[in-house]
file protein14.cif (mmCIF, C-alpha atoms)
data_entry
loop_
_atom_site.label_atom_id
_atom_site.label_comp_id
_atom_site.auth_asym_id
_atom_site.auth_seq_id
_atom_site.Cartn_x
_atom_site.Cartn_y
_atom_site.Cartn_z
CA MET A 1 165.86 141.67 34.20
CA LEU A 2 164.74 138.12 33.50
CA ARG A 3 166.29 135.58 31.15
CA VAL A 4 163.56 133.43 29.64
CA LEU A 5 163.28 130.20 27.69
CA ALA A 6 159.90 129.56 26.02
CA VAL A 7 159.07 126.01 24.90
CA ASP A 8 156.21 125.08 22.55
CA ASP A 9 156.13 122.58 19.68
CA GLU A 10 153.62 124.74 17.76
CA LYS A 11 155.70 127.38 16.02
CA PRO A 12 152.98 130.07 15.69
CA ALA A 13 152.17 129.75 19.39
CA LEU A 14 155.87 129.94 20.29
CA GLU A 15 156.41 133.02 18.12
CA GLU A 16 153.41 134.78 19.67
CA LEU A 17 154.60 133.96 23.19
CA LEU A 18 158.13 135.18 22.42
CA TYR A 19 156.73 138.39 20.94
CA LEU A 20 154.73 139.10 24.09
CA LEU A 21 157.64 138.25 26.37
CA ARG A 22 160.14 140.39 24.46
CA SER A 23 157.77 143.37 24.62
CA ASP A 24 157.87 143.26 28.43
CA SER A 25 160.50 145.64 29.84
CA ARG A 26 161.28 143.21 32.68
CA ILE A 27 162.57 140.59 30.21
CA LYS A 28 166.28 140.82 29.37
CA SER A 29 166.26 137.97 26.84
CA ALA A 30 163.73 135.44 25.55
CA GLU A 31 164.77 132.42 23.50
CA GLY A 32 162.59 129.67 22.07
CA ALA A 33 162.69 125.88 21.80
CA THR A 34 160.31 123.75 19.77
CA ASP A 35 160.58 120.49 21.71
CA ALA A 36 161.51 119.14 25.12
CA THR A 37 164.85 117.69 23.98
CA GLU A 38 166.04 121.04 22.65
CA ALA A 39 164.79 122.73 25.81
CA LEU A 40 166.61 120.31 28.12
CA ARG A 41 169.83 120.75 26.14
CA ARG A 42 169.51 124.52 26.50
CA ILE A 43 168.67 124.29 30.22
CA GLY A 44 171.60 121.92 30.74
CA ARG A 45 173.99 124.55 29.35
CA ALA A 46 172.44 127.15 31.65
CA LEU A 47 172.85 124.94 34.71
CA ASP A 48 176.47 124.20 33.79
CA ALA A 49 177.16 127.91 33.40
CA GLY A 50 175.60 128.74 36.77
CA PRO A 51 173.00 131.38 37.61
CA ASP A 52 175.33 134.27 36.72
CA GLY A 53 176.67 132.74 33.51
CA ASP A 54 176.02 134.10 30.03
CA ASP A 55 173.72 131.14 29.27
CA GLY A 56 171.71 131.50 32.48
CA ILE A 57 167.93 130.99 32.51
CA ASP A 58 165.69 132.38 35.24
CA VAL A 59 162.39 130.90 34.08
CA VAL A 60 161.00 128.46 31.52
CA PHE A 61 157.58 129.17 30.00
CA LEU A 62 156.59 125.62 29.19
CA ASP A 63 153.80 124.10 27.10
CA ILE A 64 152.37 120.83 28.45
CA HIS A 65 151.22 118.90 25.37
CA MET A 66 154.24 118.31 23.14
CA ALA A 67 155.43 115.43 20.99
CA GLY A 68 157.74 113.13 22.91
CA LEU A 69 158.36 114.39 26.42
CA THR A 70 155.58 116.56 27.79
CA GLY A 71 156.03 119.76 29.75
CA LEU A 72 155.21 117.86 32.93
CA ASP A 73 157.99 115.38 32.11
CA VAL A 74 160.44 118.25 31.69
CA ALA A 75 159.37 119.77 35.02
CA LYS A 76 159.86 116.43 36.80
CA LEU A 77 163.36 116.13 35.37
CA LEU A 78 164.25 119.68 36.43
CA ALA A 79 163.00 119.01 39.96
CA GLY A 80 166.01 116.76 40.46
CA PHE A 81 168.48 119.64 40.14
CA ALA A 82 169.62 121.77 43.07
CA ARG A 83 168.75 125.16 41.55
CA PRO A 84 166.62 124.67 38.43
CA PRO A 85 164.98 127.60 36.65
CA LEU A 86 161.48 128.55 37.70
CA ILE A 87 158.60 127.18 35.64
CA VAL A 88 155.45 128.77 34.26
CA PHE A 89 153.16 126.41 32.35
CA VAL A 90 151.44 127.85 29.28
CA THR A 91 148.78 125.48 27.96
CA ALA A 92 145.35 125.20 26.38
CA HIS A 93 144.32 122.54 28.92
CA GLU A 94 142.95 123.30 32.38
CA GLY A 95 143.06 119.72 33.61
CA PHE A 96 146.76 119.61 34.54
CA ALA A 97 146.76 122.52 37.00
CA VAL A 98 146.99 120.38 40.12
CA GLN A 99 149.94 118.37 38.75
CA ALA A 100 151.59 121.61 37.63
CA PHE A 101 151.49 123.18 41.07
CA ASP A 102 152.53 119.90 42.70
CA LEU A 103 155.68 120.36 40.60
CA LYS A 104 156.06 123.82 42.17
CA ALA A 105 155.19 125.84 39.09
CA VAL A 106 155.06 129.57 39.68
CA ASP A 107 151.99 130.02 37.50
CA TYR A 108 149.63 128.30 35.08
CA VAL A 109 148.61 130.43 32.09
CA LEU A 110 145.87 129.31 29.74
CA LYS A 111 145.95 129.76 25.98
CA PRO A 112 145.12 131.90 24.12
CA VAL A 113 147.61 133.95 26.11
CA ARG A 114 146.48 137.46 27.02
CA ARG A 115 149.10 140.16 27.44
CA GLU A 116 147.75 141.18 30.86
CA ARG A 117 147.69 137.60 32.15
CA LEU A 118 151.24 136.97 30.93
CA ALA A 119 152.39 140.19 32.57
CA GLU A 120 151.03 138.92 35.89
CA ALA A 121 153.00 135.68 35.49
CA VAL A 122 156.15 137.68 34.74
CA ARG A 123 155.55 139.77 37.87
CA ARG A 124 155.33 136.62 40.00
CA VAL A 125 158.54 135.26 38.53
CA ARG A 126 160.37 138.56 38.96
CA ASP A 127 159.31 138.81 42.62
CA LEU A 128 160.71 135.33 43.27
CA VAL A 129 163.97 135.98 41.41
CA VAL A 130 164.53 139.30 43.19
CA SER A 131 163.77 137.66 46.54
CA ALA A 132 166.26 134.87 45.81
CA ARG A 133 169.00 137.34 44.92
CA GLU A 134 168.55 139.60 47.96
CA PRO A 135 170.75 138.80 50.99
CA ARG A 136 169.06 137.54 54.11
CA GLN A 137 168.93 139.84 57.11
CA PRO A 138 171.12 138.81 60.08
CA ASP A 139 169.32 136.67 62.63
CA PRO A 140 168.88 138.79 65.81
CA ALA A 141 168.92 135.61 67.91
CA GLY A 142 172.03 134.24 66.24
CA PRO A 143 175.72 134.95 66.80
CA ALA A 144 177.07 138.43 66.04
CA ALA A 145 179.32 137.01 63.34
CA HIS A 146 176.37 135.65 61.37
CA THR A 147 176.94 136.35 57.66
CA PRO A 148 173.93 136.91 55.40
CA VAL A 149 173.73 134.46 52.50
CA PRO A 150 171.61 134.64 49.35
CA SER A 151 168.08 133.43 49.98
CA PRO A 152 167.17 130.31 47.95
CA PRO A 153 163.97 130.23 45.91
CA PRO A 154 160.93 129.27 48.02
CA ALA A 155 160.08 125.55 48.10
CA VAL A 156 156.65 126.38 46.70
CA ALA A 157 155.24 129.25 44.73
CA PRO A 158 153.59 131.86 46.96
CA HIS A 159 150.19 131.57 45.34
CA ALA A 160 148.25 132.94 48.26
CA PRO A 161 148.93 133.89 51.85
CA GLY A 162 149.10 131.08 54.37
CA GLY A 163 149.28 128.00 52.20
CA THR A 164 151.33 125.88 49.89
CA ALA A 165 150.41 124.55 46.46
CA ALA A 166 149.43 121.23 48.04
CA GLU A 167 146.92 123.03 50.30
CA GLN A 168 145.23 124.95 47.50
CA ILE A 169 143.71 124.31 44.11
CA PRO A 170 143.99 126.78 41.23
CA VAL A 171 140.76 127.80 39.50
CA GLU A 172 140.54 129.92 36.36
CA LEU A 173 137.89 132.62 36.19
CA GLY A 174 137.78 135.16 33.38
CA GLY A 175 141.44 134.61 32.56
CA VAL A 176 142.54 135.15 36.17
CA THR A 177 143.85 132.28 38.28
CA ARG A 178 142.59 132.17 41.86
CA PHE A 179 143.85 129.78 44.53
CA VAL A 180 141.12 128.23 46.66
CA PRO A 181 142.24 126.69 49.97
CA ILE A 182 141.19 123.03 50.05
CA ASP A 183 140.05 123.48 53.65
CA ASP A 184 137.41 125.95 52.38
CA ILE A 185 135.78 123.31 50.16
CA ALA A 186 132.71 121.67 51.70
CA TYR A 187 131.93 119.23 48.90
CA VAL A 188 132.68 118.50 45.27
CA GLU A 189 130.16 117.67 42.56
CA ALA A 190 130.99 115.67 39.43
CA GLN A 191 130.08 117.31 36.13
CA GLY A 192 131.37 115.03 33.39
CA ASP A 193 135.14 115.44 33.06
CA TYR A 194 134.89 118.48 35.33
CA ALA A 195 134.32 118.91 39.05
CA ARG A 196 132.49 121.76 40.77
CA LEU A 197 134.01 122.84 44.07
CA HIS A 198 131.48 124.18 46.57
CA THR A 199 132.58 126.63 49.26
CA GLU A 200 130.68 129.01 51.52
CA ASP A 201 131.37 131.82 49.05
CA GLY A 202 130.16 130.03 45.92
CA SER A 203 131.40 127.38 43.51
CA HIS A 204 134.26 126.92 41.08
CA LEU A 205 134.54 124.62 38.07
CA VAL A 206 137.82 122.79 37.44
CA ARG A 207 138.70 120.34 34.70
CA ILE A 208 139.66 117.48 36.99
CA PRO A 209 137.66 114.22 37.32
CA LEU A 210 136.05 113.56 40.68
CA SER A 211 137.91 110.25 40.96
CA THR A 212 141.24 112.09 40.77
CA LEU A 213 140.27 114.47 43.56
CA GLU A 214 138.99 111.53 45.62
CA GLU A 215 142.41 109.87 45.45
CA ARG A 216 144.39 113.04 46.13
CA TRP A 217 142.25 114.40 48.94
CA ALA A 218 141.53 111.20 50.89
CA SER A 219 144.24 112.12 53.39
CA ARG A 220 142.59 115.52 53.88
CA GLY A 221 139.33 113.97 55.08
CA PHE A 222 137.32 113.92 51.84
CA VAL A 223 135.10 110.87 51.33
CA ARG A 224 133.08 109.63 48.38
CA ILE A 225 129.39 109.38 49.27
CA HIS A 226 127.96 108.96 45.77
CA ARG A 227 129.24 108.63 42.23
CA SER A 228 128.46 112.36 41.91
CA HIS A 229 129.71 113.71 45.24
CA LEU A 230 132.85 113.96 47.32
CA VAL A 231 132.39 115.50 50.78
CA ALA A 232 134.70 116.90 53.46
CA LEU A 233 133.92 114.73 56.47
CA ALA A 234 134.32 117.63 58.90
CA ARG A 235 131.72 119.65 56.96
CA ILE A 236 128.89 117.13 57.39
CA ASP A 237 126.33 118.68 59.76
CA GLU A 238 123.79 115.87 59.76
CA LEU A 239 123.34 112.26 58.65
CA ARG A 240 119.73 111.27 58.02
CA LEU A 241 118.19 107.81 57.50
CA ASP A 242 114.68 107.79 56.09
CA ALA A 243 112.92 104.69 54.74
CA GLY A 244 116.16 103.08 53.64
CA THR A 245 117.47 106.28 52.08
CA THR A 246 120.59 107.97 53.47
CA THR A 247 121.34 111.66 53.04
CA VAL A 248 123.78 114.13 54.56
CA ARG A 249 123.39 117.84 55.13
CA VAL A 250 126.40 119.97 54.31
CA GLY A 251 125.54 123.56 55.11
CA SER A 252 122.37 124.30 53.17
CA ALA A 253 122.89 121.41 50.73
CA GLU A 254 121.29 117.99 51.18
CA LEU A 255 123.18 115.25 49.36
CA ALA A 256 122.20 111.66 48.69
CA VAL A 257 124.45 108.86 49.92
CA SER A 258 124.52 105.79 47.72
CA ARG A 259 123.86 102.41 49.30
CA ARG A 260 127.39 101.16 48.60
CA HIS A 261 128.93 104.14 50.45
CA ALA A 262 126.44 104.44 53.34
CA ARG A 263 128.02 101.92 55.73
CA GLN A 264 131.55 103.22 55.25
CA LEU A 265 130.35 106.78 55.76
CA ARG A 266 128.60 105.93 59.04
CA GLU A 267 131.75 104.23 60.32
CA LEU A 268 133.92 107.19 59.34
CA LEU A 269 131.54 109.63 61.01
CA MET A 270 131.58 107.59 64.21
CA ARG A 271 135.37 107.49 64.20
CA HIS A 272 135.49 111.22 63.50
CA ALA A 273 133.10 111.92 66.38
CA ARG A 274 135.22 109.85 68.80
CA GLY A 275 138.35 111.65 67.63
#
call {"tool": "encode", "arguments": {"input": "protein14.cif", "output": "structure tokens"}}
result
Amino acid sequence: MLRVLAVDDEKPALEELLYLLRSDSRIKSAEGATDATEALRRIGRALDAGPDGDDGIDVVFLDIHMAGLTGLDVAKLLAGFARPPLIVFVTAHEGFAVQAFDLKAVDYVLKPVRRERLAEAVRRVRDLVVSAREPRQPDPAGPAAHTPVPSPPPAVAPHAPGGTAAEQIPVELGGVTRFVPIDDIAYVEAQGDYARLHTEDGSHLVRIPLSTLEERWASRGFVRIHRSHLVALARIDELRLDAGTTTVRVGSAELAVSRRHARQLRELLMRHARG
């Protein structure tokens, strides 16, 4: 049974969220806070009381856009504690998903909140809480006197098999959040304030500017080849020069390389080939 704190500075939204949470049989208690300061005060009491105390909180359902401190600010503050409550972001904005999962959020639920989608978030939280409370099995390779100890919460939310939040990007489709491995992305196309991620299986639209992805994924081998395209260097099959025009082939797609990026791209490809 989960103990929940819901935080939203819009009272109608908070009341609706609390109503949905309290109607879930897996929720033991659900309290509300209308701003970050009130929420931090309540979480502070819970941390002082300990995980088994009467004021304990297992998870915070947290809005992002609030007056004063934002939900992201609250999450950053909580990250400094040894055993903070889990976090589920509940927001009307898609564009903060990457930051949310970098802060080890369990889930990212978009408003308007659907009962089925919220139930899935509760399931994820419950699985983590149950896992943390179960004793570890004795290590067969360790000493016979090894004593099982409670398992701590995972360092990252288990969004999908075989990867951490930093290795995946959440995409929302029909109210369901999927987690696309970054290594599956061949190239990214700018579409205004959005970016379209192209994989072998199709494409996914996320509300993140291309410039943001360029900065975050540079260490993963993504390079800017045009104001409209970011490409995984390892996915480039062919570089073509034709009458002063440079293009690359990435799978079945042929993408233009701007003049300002052409030289750097050639140098990177040469280095990649030598490596």
call {"tool": "resolve_selection", "arguments": {"input": "protein14.cif", "expression": "the PyMOL selection byres ((chain A and resi 237) around 9)", "output": "ChimeraX atom specification"}}
result
/A:234-236,238-239,248-251
call {"tool": "closest_residue", "arguments": {"input": "protein14.cif", "among": "A:Val113, A:Leu72, A:Val206, A:Leu268", "to": "Leu17 in chain A", "atoms": "only C-alpha atoms"}}
result
A:Val113
call {"tool": "residues_around", "arguments": {"input": "protein14.cif", "residues": "range 73-81 of chain A", "least_positions_apart": "3", "cutoff": "7 Å", "atoms": "all atoms listed in the file", "output": "VMD selection string"}}
result
chain A and resid 36 69 to 70 84 103
call {"tool": "residues_around", "arguments": {"input": "protein14.cif", "residues": "Gly221 in chain A", "least_positions_apart": "5", "cutoff": "12 Å", "atoms": "all atoms listed in the file", "output": "PDB file with C-alpha atoms, in the coordinates of the input"}}
result
ATOM      1  CA  ILE A 182     141.190 123.030  50.050  1.00  0.00           C
ATOM      2  CA  ASP A 183     140.050 123.480  53.650  1.00  0.00           C
ATOM      3  CA  ILE A 185     135.780 123.310  50.160  1.00  0.00           C
ATOM      4  CA  ALA A 186     132.710 121.670  51.700  1.00  0.00           C
ATOM      5  CA  TYR A 187     131.930 119.230  48.900  1.00  0.00           C
ATOM      6  CA  LEU A 213     140.270 114.470  43.560  1.00  0.00           C
ATOM      7  CA  GLU A 214     138.990 111.530  45.620  1.00  0.00           C
ATOM      8  CA  GLU A 215     142.410 109.870  45.450  1.00  0.00           C
ATOM      9  CA  ARG A 216     144.390 113.040  46.130  1.00  0.00           C
ATOM     10  CA  LEU A 230     132.850 113.960  47.320  1.00  0.00           C
ATOM     11  CA  VAL A 231     132.390 115.500  50.780  1.00  0.00           C
ATOM     12  CA  ALA A 232     134.700 116.900  53.460  1.00  0.00           C
ATOM     13  CA  LEU A 233     133.920 114.730  56.470  1.00  0.00           C
ATOM     14  CA  ALA A 234     134.320 117.630  58.900  1.00  0.00           C
ATOM     15  CA  ARG A 235     131.720 119.650  56.960  1.00  0.00           C
ATOM     16  CA  ILE A 236     128.890 117.130  57.390  1.00  0.00           C
ATOM     17  CA  LEU A 265     130.350 106.780  55.760  1.00  0.00           C
ATOM     18  CA  LEU A 268     133.920 107.190  59.340  1.00  0.00           C
ATOM     19  CA  LEU A 269     131.540 109.630  61.010  1.00  0.00           C
ATOM     20  CA  ARG A 271     135.370 107.490  64.200  1.00  0.00           C
ATOM     21  CA  HIS A 272     135.490 111.220  63.500  1.00  0.00           C
TER      22      HIS A 272
END
call {"tool": "resolve_selection", "arguments": {"input": "protein14.cif", "expression": "the PyMOL selection byres ((chain A and resi 245) around 9)", "output": "PyMOL selection string"}}
result
chain A and resi 240-244+246-247+256-259
call {"tool": "closest_atom_pairs", "arguments": {"input": "protein14.cif", "of": "range 7-47 of chain A", "to": "range 55-58 of chain A", "cutoff": "10 Å", "atoms": "all atoms listed in the file", "output": "CSV"}}
result
residue,atom,partner,partner_atom,distance
A:Ser29,CA,A:Ile57,CA,9.1
A:Ala30,CA,A:Ile57,CA,9.3
A:Glu31,CA,A:Ile57,CA,9.7
A:Arg42,CA,A:Asp55,CA,8.3
A:Ile43,CA,A:Ile57,CA,7.1
A:Gly44,CA,A:Asp55,CA,9.6
A:Arg45,CA,A:Asp55,CA,6.6
A:Ala46,CA,A:Gly56,CA,4.5
A:Leu47,CA,A:Gly56,CA,7.0
call {"tool": "closest_residue", "arguments": {"input": "protein14.cif", "among": "A:Arg178, A:Lys104, A:His198, A:Arg22", "to": "His229 in chain A", "atoms": "only C-alpha atoms"}}
result
A:His198
call {"tool": "atom_distance", "arguments": {"input": "protein14.cif", "atom1": "CA of Gly53 in chain A", "atom2": "CA of Lys28 in chain A"}}
result
13.8 Å
call {"tool": "atom_distance", "arguments": {"input": "protein14.cif", "atom1": "CA of Ala39 in chain A", "atom2": "CA of Val4 in chain A"}}
result
11.4 Å
call {"tool": "decode", "arguments": {"input": "protein14.cif", "residues": "range 187-229 of chain A", "atoms": "N, CA and C atoms", "output": "PDB file, in the first residue's frame"}}
result
ATOM      1  N   TYR A 187      18.956   9.200 -37.180  1.00  0.00           N
ATOM      2  CA  TYR A 187      19.104  10.648 -37.319  1.00  0.00           C
ATOM      3  C   TYR A 187      17.882  11.344 -36.750  1.00  0.00           C
ATOM      4  N   VAL A 188      18.034  12.639 -36.521  1.00  0.00           N
ATOM      5  CA  VAL A 188      16.984  13.451 -35.925  1.00  0.00           C
ATOM      6  C   VAL A 188      16.712  14.634 -36.841  1.00  0.00           C
ATOM      7  N   GLU A 189      15.444  14.933 -37.025  1.00  0.00           N
ATOM      8  CA  GLU A 189      15.020  16.013 -37.927  1.00  0.00           C
ATOM      9  C   GLU A 189      14.316  17.110 -37.135  1.00  0.00           C
ATOM     10  N   ALA A 190      14.740  18.343 -37.317  1.00  0.00           N
ATOM     11  CA  ALA A 190      14.105  19.464 -36.626  1.00  0.00           C
ATOM     12  C   ALA A 190      12.744  19.753 -37.233  1.00  0.00           C
ATOM     13  N   GLN A 191      11.760  19.961 -36.362  1.00  0.00           N
ATOM     14  CA  GLN A 191      10.418  20.365 -36.796  1.00  0.00           C
ATOM     15  C   GLN A 191       9.915  21.425 -35.827  1.00  0.00           C
ATOM     16  N   GLY A 192      10.404  22.657 -36.037  1.00  0.00           N
ATOM     17  CA  GLY A 192      10.053  23.751 -35.139  1.00  0.00           C
ATOM     18  C   GLY A 192      10.647  23.525 -33.761  1.00  0.00           C
ATOM     19  N   ASP A 193       9.793  23.606 -32.726  1.00  0.00           N
ATOM     20  CA  ASP A 193      10.235  23.348 -31.361  1.00  0.00           C
ATOM     21  C   ASP A 193      10.300  21.857 -31.060  1.00  0.00           C
ATOM     22  N   TYR A 194       9.945  21.040 -32.026  1.00  0.00           N
ATOM     23  CA  TYR A 194       9.953  19.595 -31.859  1.00  0.00           C
ATOM     24  C   TYR A 194      11.130  18.990 -32.622  1.00  0.00           C
ATOM     25  N   ALA A 195      11.357  17.705 -32.355  1.00  0.00           N
ATOM     26  CA  ALA A 195      12.359  16.948 -33.105  1.00  0.00           C
ATOM     27  C   ALA A 195      11.761  15.591 -33.437  1.00  0.00           C
ATOM     28  N   ARG A 196      11.997  15.126 -34.660  1.00  0.00           N
ATOM     29  CA  ARG A 196      11.504  13.810 -35.068  1.00  0.00           C
ATOM     30  C   ARG A 196      12.673  12.832 -35.071  1.00  0.00           C
ATOM     31  N   LEU A 197      12.538  11.782 -34.284  1.00  0.00           N
ATOM     32  CA  LEU A 197      13.572  10.769 -34.150  1.00  0.00           C
ATOM     33  C   LEU A 197      13.319   9.659 -35.164  1.00  0.00           C
ATOM     34  N   HIS A 198      14.287   9.376 -36.004  1.00  0.00           N
ATOM     35  CA  HIS A 198      14.127   8.356 -37.036  1.00  0.00           C
ATOM     36  C   HIS A 198      14.890   7.094 -36.646  1.00  0.00           C
ATOM     37  N   THR A 199      14.183   5.976 -36.584  1.00  0.00           N
ATOM     38  CA  THR A 199      14.779   4.675 -36.331  1.00  0.00           C
ATOM     39  C   THR A 199      14.423   3.747 -37.485  1.00  0.00           C
ATOM     40  N   GLU A 200      14.931   2.531 -37.447  1.00  0.00           N
ATOM     41  CA  GLU A 200      14.613   1.565 -38.497  1.00  0.00           C
ATOM     42  C   GLU A 200      13.137   1.197 -38.478  1.00  0.00           C
ATOM     43  N   ASP A 201      12.501   1.326 -37.319  1.00  0.00           N
ATOM     44  CA  ASP A 201      11.100   0.918 -37.182  1.00  0.00           C
ATOM     45  C   ASP A 201      10.113   2.045 -37.459  1.00  0.00           C
ATOM     46  N   GLY A 202      10.590   3.259 -37.650  1.00  0.00           N
ATOM     47  CA  GLY A 202       9.670   4.372 -37.879  1.00  0.00           C
ATOM     48  C   GLY A 202      10.229   5.655 -37.297  1.00  0.00           C
ATOM     49  N   SER A 203       9.339   6.559 -36.910  1.00  0.00           N
ATOM     50  CA  SER A 203       9.780   7.837 -36.351  1.00  0.00           C
ATOM     51  C   SER A 203       8.903   8.215 -35.168  1.00  0.00           C
ATOM     52  N   HIS A 204       9.459   9.081 -34.319  1.00  0.00           N
ATOM     53  CA  HIS A 204       8.773   9.508 -33.105  1.00  0.00           C
ATOM     54  C   HIS A 204       9.001  11.004 -32.920  1.00  0.00           C
ATOM     55  N   LEU A 205       7.944  11.722 -32.578  1.00  0.00           N
ATOM     56  CA  LEU A 205       8.040  13.161 -32.392  1.00  0.00           C
ATOM     57  C   LEU A 205       8.155  13.470 -30.901  1.00  0.00           C
ATOM     58  N   VAL A 206       9.154  14.289 -30.541  1.00  0.00           N
ATOM     59  CA  VAL A 206       9.326  14.709 -29.153  1.00  0.00           C
ATOM     60  C   VAL A 206       9.422  16.227 -29.115  1.00  0.00           C
ATOM     61  N   ARG A 207       8.966  16.802 -28.023  1.00  0.00           N
ATOM     62  CA  ARG A 207       8.989  18.262 -27.905  1.00  0.00           C
ATOM     63  C   ARG A 207      10.295  18.708 -27.263  1.00  0.00           C
ATOM     64  N   ILE A 208      11.374  18.530 -28.006  1.00  0.00           N
ATOM     65  CA  ILE A 208      12.706  18.929 -27.565  1.00  0.00           C
ATOM     66  C   ILE A 208      13.408  19.563 -28.755  1.00  0.00           C
ATOM     67  N   PRO A 209      13.969  20.761 -28.626  1.00  0.00           N
ATOM     68  CA  PRO A 209      14.657  21.388 -29.769  1.00  0.00           C
ATOM     69  C   PRO A 209      15.868  20.567 -30.204  1.00  0.00           C
ATOM     70  N   LEU A 210      16.161  20.631 -31.488  1.00  0.00           N
ATOM     71  CA  LEU A 210      17.303  19.890 -32.027  1.00  0.00           C
ATOM     72  C   LEU A 210      18.604  20.327 -31.365  1.00  0.00           C
ATOM     73  N   SER A 211      18.734  21.615 -31.063  1.00  0.00           N
ATOM     74  CA  SER A 211      19.963  22.117 -30.441  1.00  0.00           C
ATOM     75  C   SER A 211      20.201  21.485 -29.072  1.00  0.00           C
ATOM     76  N   THR A 212      19.129  21.203 -28.345  1.00  0.00           N
ATOM     77  CA  THR A 212      19.255  20.557 -27.038  1.00  0.00           C
ATOM     78  C   THR A 212      19.760  19.132 -27.185  1.00  0.00           C
ATOM     79  N   LEU A 213      19.205  18.407 -28.154  1.00  0.00           N
ATOM     80  CA  LEU A 213      19.652  17.035 -28.390  1.00  0.00           C
ATOM     81  C   LEU A 213      21.095  17.016 -28.893  1.00  0.00           C
ATOM     82  N   GLU A 214      21.461  18.002 -29.707  1.00  0.00           N
ATOM     83  CA  GLU A 214      22.838  18.084 -30.200  1.00  0.00           C
ATOM     84  C   GLU A 214      23.812  18.176 -29.028  1.00  0.00           C
ATOM     85  N   GLU A 215      23.502  19.014 -28.060  1.00  0.00           N
ATOM     86  CA  GLU A 215      24.389  19.198 -26.908  1.00  0.00           C
ATOM     87  C   GLU A 215      24.446  17.946 -26.048  1.00  0.00           C
ATOM     88  N   ARG A 216      23.292  17.324 -25.821  1.00  0.00           N
ATOM     89  CA  ARG A 216      23.242  16.176 -24.920  1.00  0.00           C
ATOM     90  C   ARG A 216      23.822  14.906 -25.537  1.00  0.00           C
ATOM     91  N   TRP A 217      23.707  14.777 -26.851  1.00  0.00           N
ATOM     92  CA  TRP A 217      24.097  13.517 -27.483  1.00  0.00           C
ATOM     93  C   TRP A 217      25.434  13.592 -28.213  1.00  0.00           C
ATOM     94  N   ALA A 218      26.153  14.681 -28.070  1.00  0.00           N
ATOM     95  CA  ALA A 218      27.456  14.798 -28.736  1.00  0.00           C
ATOM     96  C   ALA A 218      28.389  13.670 -28.295  1.00  0.00           C
ATOM     97  N   SER A 219      28.363  13.342 -27.015  1.00  0.00           N
ATOM     98  CA  SER A 219      29.243  12.289 -26.506  1.00  0.00           C
ATOM     99  C   SER A 219      28.826  10.904 -26.975  1.00  0.00           C
ATOM    100  N   ARG A 220      27.630  10.792 -27.529  1.00  0.00           N
ATOM    101  CA  ARG A 220      27.143   9.500 -28.032  1.00  0.00           C
ATOM    102  C   ARG A 220      27.342   9.366 -29.539  1.00  0.00           C
ATOM    103  N   GLY A 221      28.097  10.306 -30.130  1.00  0.00           N
ATOM    104  CA  GLY A 221      28.431  10.189 -31.544  1.00  0.00           C
ATOM    105  C   GLY A 221      27.449  10.836 -32.496  1.00  0.00           C
ATOM    106  N   PHE A 222      26.593  11.721 -32.011  1.00  0.00           N
ATOM    107  CA  PHE A 222      25.671  12.442 -32.894  1.00  0.00           C
ATOM    108  C   PHE A 222      26.320  13.761 -33.323  1.00  0.00           C
ATOM    109  N   VAL A 223      26.221  14.074 -34.610  1.00  0.00           N
ATOM    110  CA  VAL A 223      26.828  15.288 -35.142  1.00  0.00           C
ATOM    111  C   VAL A 223      25.793  16.078 -35.935  1.00  0.00           C
ATOM    112  N   ARG A 224      25.924  17.390 -35.874  1.00  0.00           N
ATOM    113  CA  ARG A 224      25.037  18.274 -36.628  1.00  0.00           C
ATOM    114  C   ARG A 224      25.576  18.375 -38.051  1.00  0.00           C
ATOM    115  N   ILE A 225      24.751  18.081 -39.038  1.00  0.00           N
ATOM    116  CA  ILE A 225      25.187  18.193 -40.426  1.00  0.00           C
ATOM    117  C   ILE A 225      24.451  19.309 -41.162  1.00  0.00           C
ATOM    118  N   HIS A 226      23.416  19.836 -40.549  1.00  0.00           N
ATOM    119  CA  HIS A 226      22.574  20.845 -41.184  1.00  0.00           C
ATOM    120  C   HIS A 226      21.735  21.463 -40.081  1.00  0.00           C
ATOM    121  N   ARG A 227      21.205  22.641 -40.306  1.00  0.00           N
ATOM    122  CA  ARG A 227      20.360  23.244 -39.268  1.00  0.00           C
ATOM    123  C   ARG A 227      19.130  22.387 -38.988  1.00  0.00           C
ATOM    124  N   SER A 228      18.797  21.476 -39.925  1.00  0.00           N
ATOM    125  CA  SER A 228      17.606  20.644 -39.768  1.00  0.00           C
ATOM    126  C   SER A 228      17.898  19.208 -39.374  1.00  0.00           C
ATOM    127  N   HIS A 229      19.181  18.805 -39.318  1.00  0.00           N
ATOM    128  CA  HIS A 229      19.469  17.390 -39.097  1.00  0.00           C
ATOM    129  C   HIS A 229      20.640  17.149 -38.147  1.00  0.00           C
TER     130      HIS A 229
END
